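Note: the block below is work_35.pdb and it holds PDB, C-alpha atoms.
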```
ATOM      1  CA  MET X   1      18.292 -29.941 -53.425  1.00  0.00           C
ATOM      2  CA  LYS X   2      17.972 -26.136 -53.343  1.00  0.00           C
ATOM      3  CA  LEU X   3      17.221 -26.338 -49.625  1.00  0.00           C
ATOM      4  CA  LEU X   4      20.399 -28.372 -49.048  1.00  0.00           C
ATOM      5  CA  HIS X   5      22.466 -25.777 -50.931  1.00  0.00           C
ATOM      6  CA  LEU X   6      20.850 -22.967 -48.929  1.00  0.00           C
ATOM      7  CA  VAL X   7      21.574 -24.689 -45.589  1.00  0.00           C
ATOM      8  CA  THR X   8      25.183 -25.355 -46.632  1.00  0.00           C
ATOM      9  CA  LEU X   9      25.601 -21.716 -47.675  1.00  0.00           C
ATOM     10  CA  CYS X  10      24.213 -20.474 -44.325  1.00  0.00           C
ATOM     11  CA  ILE X  11      26.606 -22.732 -42.401  1.00  0.00           C
ATOM     12  CA  LEU X  12      29.596 -21.579 -44.461  1.00  0.00           C
ATOM     13  CA  LEU X  13      28.645 -17.928 -44.015  1.00  0.00           C
ATOM     14  CA  SER X  14      28.322 -18.316 -40.250  1.00  0.00           C
ATOM     15  CA  PHE X  15      31.734 -20.029 -40.033  1.00  0.00           C
ATOM     16  CA  ASN X  16      33.227 -17.302 -42.235  1.00  0.00           C
ATOM     17  CA  ALA X  17      31.737 -14.548 -40.042  1.00  0.00           C
ATOM     18  CA  ALA X  18      33.116 -16.251 -36.913  1.00  0.00           C
ATOM     19  CA  ALA X  19      36.554 -16.542 -38.501  1.00  0.00           C
ATOM     20  CA  GLN X  20      36.580 -12.884 -39.572  1.00  0.00           C
ATOM     21  CA  ARG X  21      35.497 -11.752 -36.108  1.00  0.00           C
ATOM     22  CA  ASN X  22      37.920 -14.223 -34.473  1.00  0.00           C
ATOM     23  CA  ILE X  23      35.514 -15.657 -31.915  1.00  0.00           C
ATOM     24  CA  LEU X  24      37.414 -17.668 -29.337  1.00  0.00           C
ATOM     25  CA  ASN X  25      37.107 -19.658 -26.162  1.00  0.00           C
ATOM     26  CA  GLY X  26      38.241 -17.810 -23.088  1.00  0.00           C
ATOM     27  CA  ILE X  27      38.039 -16.779 -19.480  1.00  0.00           C
ATOM     28  CA  ILE X  28      37.331 -13.208 -18.404  1.00  0.00           C
ATOM     29  CA  TYR X  29      38.816 -12.324 -15.007  1.00  0.00           C
ATOM     30  CA  PHE X  30      37.424  -9.506 -12.853  1.00  0.00           C
ATOM     31  CA  PRO X  31      39.200  -7.751  -9.939  1.00  0.00           C
ATOM     32  CA  ALA X  32      36.748  -9.187  -7.377  1.00  0.00           C
ATOM     33  CA  ASP X  33      37.919 -12.763  -8.125  1.00  0.00           C
ATOM     34  CA  SER X  34      34.870 -13.529 -10.272  1.00  0.00           C
ATOM     35  CA  VAL X  35      35.158 -14.982 -13.767  1.00  0.00           C
ATOM     36  CA  ILE X  36      33.123 -15.624 -16.874  1.00  0.00           C
ATOM     37  CA  SER X  37      34.020 -18.802 -18.732  1.00  0.00           C
ATOM     38  CA  ALA X  38      33.219 -18.730 -22.446  1.00  0.00           C
ATOM     39  CA  THR X  39      33.295 -22.193 -24.005  1.00  0.00           C
ATOM     40  CA  ASP X  40      30.889 -24.316 -26.048  1.00  0.00           C
ATOM     41  CA  THR X  41      27.721 -22.179 -26.338  1.00  0.00           C
ATOM     42  CA  LEU X  42      29.487 -18.915 -25.497  1.00  0.00           C
ATOM     43  CA  GLY X  43      32.488 -17.292 -27.171  1.00  0.00           C
ATOM     44  CA  VAL X  44      34.590 -14.151 -26.791  1.00  0.00           C
ATOM     45  CA  GLU X  45      35.305 -11.887 -29.722  1.00  0.00           C
ATOM     46  CA  MET X  46      38.947 -10.771 -29.861  1.00  0.00           C
ATOM     47  CA  PRO X  47      38.910  -7.196 -28.485  1.00  0.00           C
ATOM     48  CA  GLN X  48      40.863  -4.273 -29.910  1.00  0.00           C
ATOM     49  CA  LYS X  49      41.759  -0.692 -28.981  1.00  0.00           C
ATOM     50  CA  ASN X  50      39.476   0.613 -26.221  1.00  0.00           C
ATOM     51  CA  LYS X  51      36.412  -1.356 -27.286  1.00  0.00           C
ATOM     52  CA  PRO X  52      34.271  -3.446 -24.919  1.00  0.00           C
ATOM     53  CA  VAL X  53      34.665  -7.214 -24.789  1.00  0.00           C
ATOM     54  CA  ARG X  54      31.806  -8.824 -26.690  1.00  0.00           C
ATOM     55  CA  LEU X  55      30.379 -12.177 -25.591  1.00  0.00           C
ATOM     56  CA  VAL X  56      28.815 -14.129 -28.443  1.00  0.00           C
ATOM     57  CA  SER X  57      26.130 -16.744 -27.867  1.00  0.00           C
ATOM     58  CA  ASN X  58      25.945 -19.780 -30.165  1.00  0.00           C
ATOM     59  CA  PRO X  59      29.304 -19.090 -31.841  1.00  0.00           C
ATOM     60  CA  TYR X  60      30.051 -20.924 -35.104  1.00  0.00           C
ATOM     61  CA  THR X  61      26.338 -21.279 -35.880  1.00  0.00           C
ATOM     62  CA  ALA X  62      23.822 -19.329 -37.937  1.00  0.00           C
ATOM     63  CA  ARG X  63      22.164 -18.308 -34.639  1.00  0.00           C
ATOM     64  CA  GLN X  64      25.206 -16.490 -33.242  1.00  0.00           C
ATOM     65  CA  LYS X  65      24.585 -13.059 -31.760  1.00  0.00           C
ATOM     66  CA  ILE X  66      26.144 -10.594 -29.351  1.00  0.00           C
ATOM     67  CA  LYS X  67      24.924 -11.596 -25.891  1.00  0.00           C
ATOM     68  CA  GLU X  68      26.723  -8.995 -23.785  1.00  0.00           C
ATOM     69  CA  LYS X  69      29.255  -6.156 -23.976  1.00  0.00           C
ATOM     70  CA  ILE X  70      31.613  -5.657 -21.043  1.00  0.00           C
ATOM     71  CA  GLU X  71      33.503  -2.391 -20.604  1.00  0.00           C
ATOM     72  CA  PRO X  72      37.273  -2.963 -20.504  1.00  0.00           C
ATOM     73  CA  GLN X  73      37.834  -0.854 -17.362  1.00  0.00           C
ATOM     74  CA  ILE X  74      36.056  -3.409 -15.167  1.00  0.00           C
ATOM     75  CA  ILE X  75      38.052  -6.394 -16.488  1.00  0.00           C
ATOM     76  CA  ASP X  76      41.294  -7.502 -14.857  1.00  0.00           C
ATOM     77  CA  SER X  77      42.472  -9.693 -17.757  1.00  0.00           C
ATOM     78  CA  LEU X  78      41.434 -12.113 -20.495  1.00  0.00           C
ATOM     79  CA  VAL X  79      42.821 -15.521 -21.368  1.00  0.00           C
ATOM     80  CA  LEU X  80      41.867 -16.594 -24.899  1.00  0.00           C
ATOM     81  CA  TRP X  81      42.480 -19.635 -27.092  1.00  0.00           C
ATOM     82  CA  ASN X  82      41.266 -21.142 -30.334  1.00  0.00           C
ATOM     83  CA  ARG X  83      39.061 -24.169 -29.695  1.00  0.00           C
ATOM     84  CA  THR X  84      41.190 -26.149 -32.175  1.00  0.00           C
ATOM     85  CA  ALA X  85      44.306 -25.617 -29.998  1.00  0.00           C
ATOM     86  CA  PRO X  86      43.140 -25.429 -26.350  1.00  0.00           C
ATOM     87  CA  SER X  87      46.611 -25.866 -24.875  1.00  0.00           C
ATOM     88  CA  LEU X  88      47.899 -22.612 -26.429  1.00  0.00           C
ATOM     89  CA  THR X  89      46.450 -19.767 -24.367  1.00  0.00           C
ATOM     90  CA  HIS X  90      47.144 -16.032 -24.641  1.00  0.00           C
ATOM     91  CA  ALA X  91      46.592 -13.313 -22.036  1.00  0.00           C
ATOM     92  CA  LEU X  92      45.426  -9.758 -22.713  1.00  0.00           C
ATOM     93  CA  GLU X  93      45.132  -6.813 -20.353  1.00  0.00           C
ATOM     94  CA  TYR X  94      43.513  -3.424 -20.791  1.00  0.00           C
ATOM     95  CA  ILE X  95      46.085  -0.647 -20.385  1.00  0.00           C
ATOM     96  CA  HIS X  96      44.922   2.957 -20.421  1.00  0.00           C
ATOM     97  CA  PRO X  97      45.373   4.978 -22.634  1.00  0.00           C
ATOM     98  CA  TYR X  98      46.524   2.375 -25.180  1.00  0.00           C
ATOM     99  CA  GLY X  99      43.806  -0.258 -25.038  1.00  0.00           C
ATOM    100  CA  TRP X 100      43.899  -4.063 -25.166  1.00  0.00           C
ATOM    101  CA  CYS X 101      47.486  -5.312 -24.927  1.00  0.00           C
ATOM    102  CA  TRP X 102      48.881  -8.809 -25.373  1.00  0.00           C
ATOM    103  CA  LEU X 103      50.964  -9.915 -22.378  1.00  0.00           C
ATOM    104  CA  LEU X 104      54.205 -11.313 -23.809  1.00  0.00           C
ATOM    105  CA  ASP X 105      56.144 -11.911 -20.588  1.00  0.00           C
ATOM    106  CA  ARG X 106      55.849 -11.163 -16.892  1.00  0.00           C
ATOM    107  CA  GLY X 107      58.624 -11.230 -14.363  1.00  0.00           C
ATOM    108  CA  ALA X 108      58.656 -10.359 -10.673  1.00  0.00           C
ATOM    109  CA  HIS X 109      59.372  -6.672 -11.391  1.00  0.00           C
ATOM    110  CA  ILE X 110      58.763  -6.051 -15.113  1.00  0.00           C
ATOM    111  CA  SER X 111      55.967  -6.953 -17.545  1.00  0.00           C
ATOM    112  CA  ILE X 112      56.254  -6.828 -21.343  1.00  0.00           C
ATOM    113  CA  TYR X 113      53.248  -6.172 -23.601  1.00  0.00           C
ATOM    114  CA  ASN X 114      52.544  -5.916 -27.303  1.00  0.00           C
ATOM    115  CA  TYR X 115      50.113  -3.188 -28.342  1.00  0.00           C
ATOM    116  CA  SER X 116      48.564  -3.279 -31.814  1.00  0.00           C
ATOM    117  CA  PRO X 117      45.913  -0.653 -32.698  1.00  0.00           C
ATOM    118  CA  LYS X 118      44.449  -3.068 -35.278  1.00  0.00           C
ATOM    119  CA  GLY X 119      44.152  -5.844 -32.705  1.00  0.00           C
ATOM    120  CA  TYR X 120      45.273  -9.461 -32.755  1.00  0.00           C
ATOM    121  CA  TYR X 121      44.370 -12.777 -34.319  1.00  0.00           C
ATOM    122  CA  ILE X 122      44.576 -16.339 -32.999  1.00  0.00           C
ATOM    123  CA  GLY X 123      44.764 -18.894 -35.795  1.00  0.00           C
ATOM    124  CA  GLY X 124      43.577 -22.477 -35.949  1.00  0.00           C
ATOM    125  CA  ASN X 125      47.031 -23.715 -34.893  1.00  0.00           C
ATOM    126  CA  GLY X 126      46.758 -21.653 -31.680  1.00  0.00           C
ATOM    127  CA  GLY X 127      49.399 -19.108 -32.636  1.00  0.00           C
ATOM    128  CA  MET X 128      48.706 -15.438 -31.989  1.00  0.00           C
ATOM    129  CA  TRP X 129      49.999 -12.436 -33.866  1.00  0.00           C
ATOM    130  CA  ALA X 130      49.426  -8.702 -34.010  1.00  0.00           C
ATOM    131  CA  LYS X 131      47.616  -7.237 -36.991  1.00  0.00           C
ATOM    132  CA  ASN X 132      49.676  -4.607 -38.763  1.00  0.00           C
ATOM    133  CA  LYS X 133      52.251  -2.494 -36.878  1.00  0.00           C
ATOM    134  CA  SER X 134      52.625  -2.795 -33.140  1.00  0.00           C
ATOM    135  CA  VAL X 135      54.747  -1.435 -30.308  1.00  0.00           C
ATOM    136  CA  ILE X 136      56.211  -3.073 -27.225  1.00  0.00           C
ATOM    137  CA  LEU X 137      55.340  -1.627 -23.822  1.00  0.00           C
ATOM    138  CA  VAL X 138      57.570  -2.373 -20.847  1.00  0.00           C
ATOM    139  CA  LYS X 139      55.987  -1.806 -17.446  1.00  0.00           C
ATOM    140  CA  LYS X 140      58.417  -1.225 -14.595  1.00  0.00           C
ATOM    141  CA  GLY X 141      56.688  -0.150 -11.399  1.00  0.00           C
ATOM    142  CA  ASN X 142      53.908   2.193 -12.508  1.00  0.00           C
ATOM    143  CA  THR X 143      55.812   3.522 -15.527  1.00  0.00           C
ATOM    144  CA  PHE X 144      55.427   2.330 -19.116  1.00  0.00           C
ATOM    145  CA  HIS X 145      58.338   2.551 -21.564  1.00  0.00           C
ATOM    146  CA  ARG X 146      57.393   2.445 -25.263  1.00  0.00           C
ATOM    147  CA  PHE X 147      59.532   0.759 -27.942  1.00  0.00           C
ATOM    148  CA  THR X 148      58.903   0.905 -31.692  1.00  0.00           C
ATOM    149  CA  LYS X 149      60.418  -0.915 -34.686  1.00  0.00           C
ATOM    150  CA  THR X 150      60.929  -4.039 -32.598  1.00  0.00           C
ATOM    151  CA  PHE X 151      61.262  -6.226 -35.714  1.00  0.00           C
ATOM    152  CA  LYS X 152      64.800  -4.857 -36.260  1.00  0.00           C
ATOM    153  CA  LEU X 153      68.027  -6.240 -34.852  1.00  0.00           C
ATOM    154  CA  ALA X 154      69.123  -4.709 -31.564  1.00  0.00           C
ATOM    155  CA  ASN X 155      71.984  -2.230 -32.031  1.00  0.00           C
ATOM    156  CA  ASN X 156      74.282  -0.703 -29.388  1.00  0.00           C
ATOM    157  CA  LYS X 157      72.058   2.317 -28.791  1.00  0.00           C
ATOM    158  CA  PHE X 158      69.025   0.071 -28.220  1.00  0.00           C
ATOM    159  CA  ARG X 159      70.918  -2.326 -25.926  1.00  0.00           C
ATOM    160  CA  GLU X 160      72.284   0.589 -23.887  1.00  0.00           C
ATOM    161  CA  ARG X 161      68.761   1.991 -23.436  1.00  0.00           C
ATOM    162  CA  LEU X 162      67.579  -1.363 -22.072  1.00  0.00           C
ATOM    163  CA  ALA X 163      70.654  -1.766 -19.881  1.00  0.00           C
ATOM    164  CA  ALA X 164      69.997   1.659 -18.307  1.00  0.00           C
ATOM    165  CA  LEU X 165      66.458   0.527 -17.480  1.00  0.00           C
ATOM    166  CA  VAL X 166      67.789  -2.398 -15.402  1.00  0.00           C
ATOM    167  CA  ALA X 167      71.104  -0.879 -14.283  1.00  0.00           C
ATOM    168  CA  ASP X 168      70.764  -2.325 -10.752  1.00  0.00           C
ATOM    169  CA  ASP X 169      70.844  -5.892 -12.115  1.00  0.00           C
ATOM    170  CA  PRO X 170      74.445  -6.346 -13.345  1.00  0.00           C
ATOM    171  CA  VAL X 171      73.869  -9.941 -14.517  1.00  0.00           C
ATOM    172  CA  LEU X 172      70.999  -8.912 -16.793  1.00  0.00           C
ATOM    173  CA  VAL X 173      72.864  -5.808 -17.993  1.00  0.00           C
ATOM    174  CA  LYS X 174      75.719  -8.039 -19.149  1.00  0.00           C
ATOM    175  CA  MET X 175      73.296 -10.410 -20.928  1.00  0.00           C
ATOM    176  CA  ILE X 176      71.596  -7.504 -22.722  1.00  0.00           C
ATOM    177  CA  LEU X 177      74.844  -5.844 -23.811  1.00  0.00           C
ATOM    178  CA  GLN X 178      76.111  -9.154 -25.220  1.00  0.00           C
ATOM    179  CA  SER X 179      72.867 -10.088 -26.972  1.00  0.00           C
ATOM    180  CA  SER X 180      72.507 -10.144 -30.761  1.00  0.00           C
ATOM    181  CA  PHE X 181      68.778 -10.823 -31.072  1.00  0.00           C
ATOM    182  CA  LEU X 182      65.894  -8.997 -32.665  1.00  0.00           C
ATOM    183  CA  ARG X 183      64.705  -6.118 -30.484  1.00  0.00           C
ATOM    184  CA  GLU X 184      61.516  -7.946 -29.483  1.00  0.00           C
ATOM    185  CA  LYS X 185      63.462 -10.931 -28.151  1.00  0.00           C
ATOM    186  CA  THR X 186      65.915  -8.642 -26.350  1.00  0.00           C
ATOM    187  CA  LEU X 187      63.005  -6.775 -24.746  1.00  0.00           C
ATOM    188  CA  ARG X 188      61.543 -10.032 -23.477  1.00  0.00           C
ATOM    189  CA  MET X 189      64.789 -10.624 -21.581  1.00  0.00           C
ATOM    190  CA  LEU X 190      63.700  -7.815 -19.254  1.00  0.00           C
ATOM    191  CA  SER X 191      61.286 -10.219 -17.529  1.00  0.00           C
ATOM    192  CA  LEU X 192      64.424 -11.753 -15.912  1.00  0.00           C
ATOM    193  CA  TYR X 193      65.073  -8.480 -14.059  1.00  0.00           C
ATOM    194  CA  SER X 194      66.073  -9.106 -10.453  1.00  0.00           C
ATOM    195  CA  PRO X 195      67.492  -5.960  -8.852  1.00  0.00           C
ATOM    196  CA  ALA X 196      70.346  -6.268  -6.386  1.00  0.00           C
ATOM    197  CA  ILE X 197      69.090  -5.538  -2.852  1.00  0.00           C
TER     198      ILE X 197
END
```
Would you encode the structure as C-alpha cells?
Amino acid sequence: MKLLHLVTLCILLSFNAAAQRNILNGIIYFPADSVISATDTLGVEMPQKNKPVRLVSNPYTARQKIKEKIEPQIIDSLVLWNRTAPSLTHALEYIHPYGWCWLLDRGAHISIYNYSPKGYYIGGNGGMWAKNKSVILVKKGNTFHRFTKTFKLANNKFRERLAALVADDPVLVKMILQSSFLREKTLRMLSLYSPAI
C-alpha cells in the first residue's frame, strides 16, 4: 500500500513539474529548412527572455530530463501547442534585443508581436497568454515600434500615431481613425496594411 502511495505521489509530482514548466508539443524551425519535431517522447519547454530553448525527453513522466538546449539565435521560429488542444497552435520568434516574442499577426508588410519578460503560458484548453505585463511590437520593414498599456481603449492620440505609421494606406487609416477597440485589437489591424503603389 505504501508503495502504491509513493508511485502515485511520484506521478503527481512529475505532472505538476511539467505543468509549472509548461512543457509542450512543438516544431522548431531553423533557417536552413531543417526542423525538430517534439511530440510524444520529446517536449519543448516554453522559452522566455533570451534563454535557450530546452528540449525535454520523456515529458509528463518521472523520467523527464533536459535533453538539449538550443541557442535562440540559430532558431527561425517555434510553433507550440498543448497536447490536449493540438489544433490551437502558437508561433514564437526570437527578436533581439527583446527575446522570445509571441507572433500575434502577420501581414504582407507588417508583423505584430507580444513581448512579455516573464514569458507565456499555454493552458489545457489551448489558449495562450502573456505572464504579467507585456508590450506590443510592430515590425514595419526593419524597424520595430513599441507600444505599452495595450489593455486600454484606443484614444485619438493613439489612433493618430497608428494612422501616421500607415499613412500611405488611406483605407486602413480610415478604419483605424474610426475604430473604438482596445489598443491591442487596434494594433492588430495593422496586419491589413497594403500601401498604395
Exercise. Could you pull the residues within 12 Å of Leu80 of chain X, counting all atoms listed in the file, minus those fewer than 6 positions along the same chain, as a ChimeraX atom specification?
Worked result: /X:22-29,36-39,43-47,53,86-93,102-103,120-123,126-128
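What separates atom CA of His145 of chain X from atom CA of Leu177 of chain X is a distance of 18.7 Å.
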For this session: Rank nothing, just name the residue among X:Pro195, X:Asn58, X:Thr148, X:Phe181 nearest to Asp169 of chain X, using all atoms listed in the file.
Result: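 Checking each candidate against Asp169 of chain X, we get X:Pro195 as the closest.
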For this session: Calculate how many Å separate atom CA of Tyr94 of chain X from atom CA of Ala108 of chain X, rounding to one decimal.
Result: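 Atom CA of Ala108 of chain X lies at a distance of 19.5 Å from atom CA of Tyr94 of chain X.
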Problem set entry | Proximity to Ala196 of chain X - best of X:Trp81, X:Val171, X:Lys139, X:Ala32, all atoms listed in the file |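 Using all atoms listed in the file, Ala196 of chain X sits closest to X:Val171.
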Once the PyMOL selection byres ((chain X and resi 105) around 9) has been applied to the shown file, what residues remain in the selection, as an mmCIF file with C-alpha atoms, in the coordinates of the input?
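The resulting file, part07.cif, is shown below:
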```cif
data_model
loop_
_atom_site.group_PDB
_atom_site.id
_atom_site.type_symbol
_atom_site.label_atom_id
_atom_site.label_comp_id
_atom_site.auth_asym_id
_atom_site.auth_seq_id
_atom_site.Cartn_x
_atom_site.Cartn_y
_atom_site.Cartn_z
ATOM 1 C CA LEU X 103 50.964 -9.915 -22.378
ATOM 2 C CA LEU X 104 54.205 -11.313 -23.809
ATOM 3 C CA ARG X 106 55.849 -11.163 -16.892
ATOM 4 C CA GLY X 107 58.624 -11.230 -14.363
ATOM 5 C CA ILE X 110 58.763 -6.051 -15.113
ATOM 6 C CA SER X 111 55.967 -6.953 -17.545
ATOM 7 C CA ILE X 112 56.254 -6.828 -21.343
ATOM 8 C CA TYR X 113 53.248 -6.172 -23.601
ATOM 9 C CA ARG X 188 61.543 -10.032 -23.477
ATOM 10 C CA MET X 189 64.789 -10.624 -21.581
ATOM 11 C CA LEU X 190 63.700 -7.815 -19.254
ATOM 12 C CA SER X 191 61.286 -10.219 -17.529
#
```
Problem set entry | Selected residue, from X:Val173, X:Leu78, X:Val138, X:Leu182, that lies nearest to Val35 of chain X when counting all atoms listed in the file |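 Of the candidates, the smallest distance to Val35 of chain X is held by X:Leu78.
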Would you save segment 44-65 of chain X from the block above with N, CA, C and O atoms, as a short mmCIF file (atom, residue, chain, number, x, y, z; two decimals), in the first residue's frame?
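What landed in result-v2.cif:
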```
data_model
loop_
_atom_site.label_atom_id
_atom_site.label_comp_id
_atom_site.auth_asym_id
_atom_site.auth_seq_id
_atom_site.Cartn_x
_atom_site.Cartn_y
_atom_site.Cartn_z
N VAL X 44 8.90 20.49 -25.65
CA VAL X 44 9.60 21.77 -25.66
C VAL X 44 9.12 22.57 -24.46
O VAL X 44 7.92 22.73 -24.26
N GLU X 45 10.06 23.08 -23.69
CA GLU X 45 9.70 23.95 -22.58
C GLU X 45 9.47 25.35 -23.12
O GLU X 45 10.26 25.84 -23.94
N MET X 46 8.38 26.01 -22.69
CA MET X 46 8.09 27.36 -23.14
C MET X 46 9.28 28.27 -22.83
O MET X 46 9.67 28.42 -21.68
N PRO X 47 9.89 28.89 -23.87
CA PRO X 47 11.05 29.75 -23.62
C PRO X 47 10.63 31.13 -23.12
O PRO X 47 9.48 31.55 -23.29
N GLN X 48 11.58 31.85 -22.53
CA GLN X 48 11.32 33.22 -22.12
C GLN X 48 12.60 34.04 -22.21
O GLN X 48 13.70 33.49 -22.24
N LYS X 49 12.42 35.35 -22.30
CA LYS X 49 13.53 36.31 -22.42
C LYS X 49 14.51 35.87 -23.50
O LYS X 49 14.12 35.59 -24.62
N ASN X 50 15.80 35.83 -23.15
CA ASN X 50 16.84 35.46 -24.12
C ASN X 50 17.38 34.06 -23.87
O ASN X 50 18.46 33.72 -24.31
N LYS X 51 16.60 33.24 -23.16
CA LYS X 51 17.07 31.92 -22.77
C LYS X 51 16.99 30.91 -23.92
O LYS X 51 16.15 31.03 -24.80
N PRO X 52 17.87 29.90 -23.88
CA PRO X 52 17.82 28.85 -24.90
C PRO X 52 16.51 28.06 -24.83
O PRO X 52 15.85 28.02 -23.79
N VAL X 53 16.16 27.44 -25.95
CA VAL X 53 15.02 26.53 -25.98
C VAL X 53 15.48 25.20 -25.41
O VAL X 53 16.51 24.67 -25.81
N ARG X 54 14.70 24.68 -24.47
CA ARG X 54 15.08 23.42 -23.82
C ARG X 54 14.16 22.30 -24.30
O ARG X 54 12.94 22.39 -24.18
N LEU X 55 14.79 21.25 -24.85
CA LEU X 55 14.06 20.04 -25.24
C LEU X 55 14.07 19.08 -24.07
O LEU X 55 15.11 18.86 -23.44
N VAL X 56 12.90 18.53 -23.76
CA VAL X 56 12.74 17.66 -22.60
C VAL X 56 12.38 16.26 -23.08
O VAL X 56 11.40 16.08 -23.82
N SER X 57 13.18 15.28 -22.69
CA SER X 57 12.85 13.89 -23.03
C SER X 57 11.93 13.31 -21.98
O SER X 57 11.96 13.72 -20.81
N ASN X 58 11.08 12.40 -22.39
CA ASN X 58 10.09 11.75 -21.52
C ASN X 58 9.25 12.75 -20.72
O ASN X 58 9.15 12.64 -19.50
N PRO X 59 8.66 13.74 -21.41
CA PRO X 59 7.85 14.71 -20.66
C PRO X 59 6.66 14.02 -20.00
O PRO X 59 6.21 12.96 -20.46
N TYR X 60 6.16 14.60 -18.95
CA TYR X 60 4.99 14.10 -18.21
C TYR X 60 5.25 12.75 -17.53
O TYR X 60 4.33 12.02 -17.23
N THR X 61 6.51 12.41 -17.33
CA THR X 61 6.85 11.19 -16.60
C THR X 61 7.87 11.53 -15.52
O THR X 61 8.47 12.61 -15.54
N ALA X 62 8.09 10.59 -14.62
CA ALA X 62 9.09 10.79 -13.57
C ALA X 62 10.50 10.76 -14.14
O ALA X 62 11.45 11.18 -13.48
N ARG X 63 10.67 10.29 -15.38
CA ARG X 63 11.99 10.18 -16.00
C ARG X 63 12.33 11.39 -16.87
O ARG X 63 13.32 11.38 -17.58
N GLN X 64 11.50 12.44 -16.82
CA GLN X 64 11.77 13.58 -17.69
C GLN X 64 13.09 14.26 -17.32
O GLN X 64 13.47 14.33 -16.16
N LYS X 65 13.80 14.72 -18.37
CA LYS X 65 15.04 15.45 -18.14
C LYS X 65 15.34 16.31 -19.36
O LYS X 65 14.81 16.08 -20.45
#
```
